[in-house]
Amino acid sequence: MLVAVFYGFPVFAVAFALVRAGLRRFRPQEPHPKRWALLTAGLATPLLCWAGVYLALFLISYYPHRSFNPSGWAFSPDTRYEMVDELRDSRGLIGLDAAQVSALLGKPYYQQATSWEYSLGMQPGFSIDGEGLQLEFQDGKVVRTSTHQN
């Protein structure tokens, strides 16, 4: 309720002022400009509030998707999440052996006999955990990749 008052009332007031000014300028002969401005602002306010919240959430959670390059992967481990989608979608890792993966991605931060894990950094948004890329090996070759929160 309090959010609606603090966010909705200013949006309504601005919408009302803009519609009323537009009516005065473009339709000076309109007999009831305040009524039309109230109606229009009242209908537009929920839509404008929803659009504002949606835009804010989009801006908070947005991050660029970059093409994978080995030097960017090696020198900026905190922003690897920007490259991981392209790396996984191209399926360039499936079928590589451990030496090829190590040459491409470097040393993993966690390594077992059948799986390796690389830190991807922390994506913008509401997550407090970092992301990880897990590579699963079978017969010495990568058979599956997955991302998860650490």
# chains A, B, ... in the order shown; residues from 1 in each chain; ligands from 1
>>> residues_around(residues="stretch 58-66 of chain A", least_positions_apart="4", cutoff="9 Å", atoms="only C-alpha atoms", output="list in words")
Val53, Tyr54, Tyr81, Glu82, Met83, Val84, Asp85, Glu86, Gln123, Pro124, Gly125 and Phe126 of chain A
>>> select_by_dssp(residues="stretch 48-108 of chain A", states="helix (DSSP H, G or I)", output="VMD selection string")
chain A and resid 48 to 61 70 to 75 77 to 79 81 to 89 98 to 105
>>> write_last_selection(atoms="N, CA and C atoms", output="compact mmCIF listing (two decimals), in the first residue's frame")
# COMPACT_ATOMS: atom_id res chain seq x y z
N LEU A 48 1.68 2.56 -16.43
CA LEU A 48 2.98 3.23 -16.28
C LEU A 48 3.75 2.69 -15.09
N CYS A 49 3.05 2.40 -13.99
CA CYS A 49 3.72 1.82 -12.81
C CYS A 49 4.27 0.44 -13.14
N TRP A 50 3.48 -0.38 -13.81
CA TRP A 50 3.95 -1.71 -14.20
C TRP A 50 5.17 -1.59 -15.12
N ALA A 51 5.12 -0.69 -16.08
CA ALA A 51 6.24 -0.51 -17.01
C ALA A 51 7.49 -0.04 -16.26
N GLY A 52 7.32 0.83 -15.28
CA GLY A 52 8.46 1.30 -14.50
C GLY A 52 9.10 0.19 -13.69
N VAL A 53 8.29 -0.63 -13.05
CA VAL A 53 8.82 -1.76 -12.27
C VAL A 53 9.51 -2.76 -13.20
N TYR A 54 8.89 -3.07 -14.32
CA TYR A 54 9.48 -3.99 -15.29
C TYR A 54 10.81 -3.46 -15.79
N LEU A 55 10.88 -2.18 -16.12
CA LEU A 55 12.12 -1.58 -16.59
C LEU A 55 13.20 -1.64 -15.51
N ALA A 56 12.84 -1.35 -14.27
CA ALA A 56 13.81 -1.39 -13.18
C ALA A 56 14.36 -2.81 -12.99
N LEU A 57 13.49 -3.80 -13.02
CA LEU A 57 13.95 -5.19 -12.88
C LEU A 57 14.82 -5.61 -14.06
N PHE A 58 14.47 -5.17 -15.24
CA PHE A 58 15.29 -5.48 -16.42
C PHE A 58 16.67 -4.87 -16.29
N LEU A 59 16.74 -3.61 -15.88
CA LEU A 59 18.04 -2.95 -15.76
C LEU A 59 18.90 -3.55 -14.66
N ILE A 60 18.28 -4.01 -13.57
CA ILE A 60 19.03 -4.62 -12.49
C ILE A 60 19.61 -5.96 -12.92
N SER A 61 18.85 -6.75 -13.67
CA SER A 61 19.29 -8.09 -14.00
C SER A 61 19.97 -8.21 -15.36
N PRO A 70 39.42 -16.97 -25.34
CA PRO A 70 40.24 -17.52 -24.26
C PRO A 70 40.95 -16.47 -23.40
N SER A 71 41.39 -15.36 -24.00
CA SER A 71 42.09 -14.35 -23.21
C SER A 71 41.13 -13.65 -22.26
N GLY A 72 39.91 -13.35 -22.70
CA GLY A 72 38.92 -12.75 -21.82
C GLY A 72 38.53 -13.70 -20.70
N TRP A 73 38.46 -14.99 -21.00
CA TRP A 73 38.14 -16.01 -19.99
C TRP A 73 39.24 -16.06 -18.93
N ALA A 74 40.50 -16.02 -19.38
CA ALA A 74 41.62 -16.15 -18.45
C ALA A 74 41.82 -14.90 -17.59
N PHE A 75 41.64 -13.71 -18.17
CA PHE A 75 42.00 -12.49 -17.46
C PHE A 75 40.85 -11.82 -16.71
N PRO A 77 38.02 -13.52 -14.63
CA PRO A 77 37.19 -14.62 -14.13
C PRO A 77 35.89 -14.16 -13.47
N ASP A 78 35.80 -12.89 -13.07
CA ASP A 78 34.57 -12.41 -12.44
C ASP A 78 33.45 -12.14 -13.43
N THR A 79 33.76 -12.08 -14.72
CA THR A 79 32.73 -11.83 -15.74
C THR A 79 32.64 -12.96 -16.76
N TYR A 81 30.57 -15.28 -16.72
CA TYR A 81 29.15 -15.56 -16.96
C TYR A 81 28.66 -14.91 -18.25
N GLU A 82 29.33 -13.84 -18.69
CA GLU A 82 28.94 -13.17 -19.94
C GLU A 82 29.27 -14.03 -21.16
N MET A 83 30.26 -14.92 -21.04
CA MET A 83 30.71 -15.73 -22.17
C MET A 83 30.20 -17.16 -22.14
N VAL A 84 29.70 -17.62 -21.01
CA VAL A 84 29.41 -19.04 -20.87
C VAL A 84 28.26 -19.49 -21.75
N ASP A 85 27.27 -18.65 -22.00
CA ASP A 85 26.14 -19.06 -22.84
C ASP A 85 26.61 -19.38 -24.26
N GLU A 86 27.43 -18.52 -24.81
CA GLU A 86 27.93 -18.76 -26.17
C GLU A 86 28.83 -20.00 -26.19
N LEU A 87 29.62 -20.18 -25.15
CA LEU A 87 30.51 -21.34 -25.07
C LEU A 87 29.71 -22.63 -25.01
N ARG A 88 28.67 -22.67 -24.20
CA ARG A 88 27.85 -23.87 -24.07
C ARG A 88 26.98 -24.10 -25.30
N ASP A 89 26.40 -23.02 -25.85
CA ASP A 89 25.49 -23.17 -26.99
C ASP A 89 26.21 -23.65 -28.24
N ALA A 98 40.70 -33.86 -21.76
CA ALA A 98 41.10 -33.01 -20.63
C ALA A 98 42.21 -32.04 -21.01
N ALA A 99 43.16 -32.46 -21.83
CA ALA A 99 44.25 -31.57 -22.23
C ALA A 99 43.73 -30.42 -23.10
N GLN A 100 42.79 -30.70 -23.99
CA GLN A 100 42.22 -29.65 -24.84
C GLN A 100 41.40 -28.66 -24.02
N VAL A 101 40.63 -29.15 -23.06
CA VAL A 101 39.85 -28.28 -22.19
C VAL A 101 40.77 -27.40 -21.37
N SER A 102 41.82 -28.01 -20.83
CA SER A 102 42.78 -27.25 -20.02
C SER A 102 43.47 -26.17 -20.85
N ALA A 103 43.78 -26.47 -22.11
CA ALA A 103 44.41 -25.47 -22.98
C ALA A 103 43.43 -24.34 -23.31
N LEU A 104 42.16 -24.65 -23.44
CA LEU A 104 41.16 -23.65 -23.80
C LEU A 104 40.70 -22.81 -22.61
N LEU A 105 40.41 -23.47 -21.49
CA LEU A 105 39.82 -22.78 -20.35
C LEU A 105 40.77 -22.57 -19.17
>>> select_by_dssp(residues="stretch 56-148 of chain A", states="strand (DSSP E)", output="list in words")
Tyr110, Gln111, Ser115, Trp116, Glu117, Tyr118, Ser119, Leu120, Gly121, Glu131, Gly132, Leu133, Gln134, Leu135, Glu136, Phe137, Gln138, Lys141, Val142, Val143, Arg144, Thr145, Ser146, Thr147 and His148 of chain A
>>> write_last_selection(atoms="C-alpha atoms", output="compact mmCIF listing (two decimals), in the first residue's frame")
# COMPACT_ATOMS: atom_id res chain seq x y z
CA TYR A 110 37.69 -27.74 -8.54
CA GLN A 111 38.71 -31.01 -10.18
CA SER A 115 34.15 -33.63 -13.42
CA TRP A 116 35.77 -30.21 -13.50
CA GLU A 117 34.31 -26.96 -12.33
CA TYR A 118 35.11 -23.37 -13.35
CA SER A 119 34.03 -20.25 -11.51
CA LEU A 120 31.92 -17.87 -13.61
CA GLY A 121 31.67 -14.93 -11.22
CA GLU A 131 27.85 -19.28 -10.75
CA GLY A 132 29.88 -22.28 -11.84
CA LEU A 133 30.42 -24.21 -15.07
CA GLN A 134 30.64 -27.95 -14.57
CA LEU A 135 32.14 -30.26 -17.18
CA GLU A 136 31.48 -33.99 -16.89
CA PHE A 137 33.97 -36.44 -18.38
CA GLN A 138 33.41 -39.98 -19.54
CA LYS A 141 36.14 -36.74 -22.99
CA VAL A 142 33.60 -34.06 -22.08
CA VAL A 143 30.08 -35.50 -22.40
CA ARG A 144 27.98 -32.87 -20.64
CA THR A 145 28.19 -29.24 -19.50
CA SER A 146 26.00 -27.47 -16.98
CA THR A 147 25.88 -24.24 -15.03
CA HIS A 148 24.74 -23.88 -11.46
>>> closest_residue(among="A:Thr114, A:Gly130, A:Trp36, A:Ile94", to="A:Arg80", atoms="only C-alpha atoms")
A:Gly130
>>> closest_residue(among="A:Ser67, A:Gln149, A:Thr45, A:Gln112", to="A:Tyr7", atoms="only C-alpha atoms")
A:Thr45
>>> closest_residue(among="A:Asn69, A:Pro33, A:Arg25, A:Leu39", to="A:Phe12", atoms="only C-alpha atoms")
A:Leu39
>>> decode(residues="stretch 85-98 of chain A", atoms="N, CA and C atoms", output="PDB file, in the first residue's frame")
ATOM      1  N   ASP A  85      27.268 -18.649 -21.996  1.00  0.00           N
ATOM      2  CA  ASP A  85      26.145 -19.058 -22.842  1.00  0.00           C
ATOM      3  C   ASP A  85      26.612 -19.382 -24.259  1.00  0.00           C
ATOM      4  N   GLU A  86      27.429 -18.522 -24.813  1.00  0.00           N
ATOM      5  CA  GLU A  86      27.926 -18.764 -26.170  1.00  0.00           C
ATOM      6  C   GLU A  86      28.834 -19.997 -26.191  1.00  0.00           C
ATOM      7  N   LEU A  87      29.624 -20.183 -25.151  1.00  0.00           N
ATOM      8  CA  LEU A  87      30.514 -21.336 -25.069  1.00  0.00           C
ATOM      9  C   LEU A  87      29.714 -22.633 -25.011  1.00  0.00           C
ATOM     10  N   ARG A  88      28.667 -22.667 -24.200  1.00  0.00           N
ATOM     11  CA  ARG A  88      27.852 -23.874 -24.074  1.00  0.00           C
ATOM     12  C   ARG A  88      26.976 -24.096 -25.297  1.00  0.00           C
ATOM     13  N   ASP A  89      26.397 -23.020 -25.847  1.00  0.00           N
ATOM     14  CA  ASP A  89      25.494 -23.173 -26.991  1.00  0.00           C
ATOM     15  C   ASP A  89      26.214 -23.655 -28.238  1.00  0.00           C
ATOM     16  N   SER A  90      27.440 -23.237 -28.394  1.00  0.00           N
ATOM     17  CA  SER A  90      28.180 -23.681 -29.575  1.00  0.00           C
ATOM     18  C   SER A  90      28.618 -25.135 -29.440  1.00  0.00           C
ATOM     19  N   ARG A  91      28.472 -25.681 -28.217  1.00  0.00           N
ATOM     20  CA  ARG A  91      28.833 -27.068 -27.916  1.00  0.00           C
ATOM     21  C   ARG A  91      30.271 -27.370 -28.307  1.00  0.00           C
ATOM     22  N   GLY A  92      31.126 -26.363 -28.203  1.00  0.00           N
ATOM     23  CA  GLY A  92      32.536 -26.551 -28.531  1.00  0.00           C
ATOM     24  C   GLY A  92      33.284 -27.394 -27.519  1.00  0.00           C
ATOM     25  N   LEU A  93      32.714 -27.608 -26.346  1.00  0.00           N
ATOM     26  CA  LEU A  93      33.392 -28.375 -25.311  1.00  0.00           C
ATOM     27  C   LEU A  93      33.109 -29.868 -25.387  1.00  0.00           C
ATOM     28  N   ILE A  94      31.955 -30.232 -25.904  1.00  0.00           N
ATOM     29  CA  ILE A  94      31.574 -31.648 -25.977  1.00  0.00           C
ATOM     30  C   ILE A  94      32.545 -32.372 -26.914  1.00  0.00           C
ATOM     31  N   GLY A  95      33.108 -33.450 -26.386  1.00  0.00           N
ATOM     32  CA  GLY A  95      34.034 -34.252 -27.177  1.00  0.00           C
ATOM     33  C   GLY A  95      35.496 -33.907 -26.977  1.00  0.00           C
ATOM     34  N   LEU A  96      35.801 -32.807 -26.296  1.00  0.00           N
ATOM     35  CA  LEU A  96      37.200 -32.453 -26.043  1.00  0.00           C
ATOM     36  C   LEU A  96      37.759 -33.306 -24.918  1.00  0.00           C
ATOM     37  N   ASP A  97      39.045 -33.610 -25.008  1.00  0.00           N
ATOM     38  CA  ASP A  97      39.670 -34.339 -23.896  1.00  0.00           C
ATOM     39  C   ASP A  97      40.183 -33.335 -22.861  1.00  0.00           C
ATOM     40  N   ALA A  98      40.698 -33.861 -21.756  1.00  0.00           N
ATOM     41  CA  ALA A  98      41.096 -33.015 -20.629  1.00  0.00           C
ATOM     42  C   ALA A  98      42.208 -32.036 -21.015  1.00  0.00           C
TER      43      ALA A  98
END
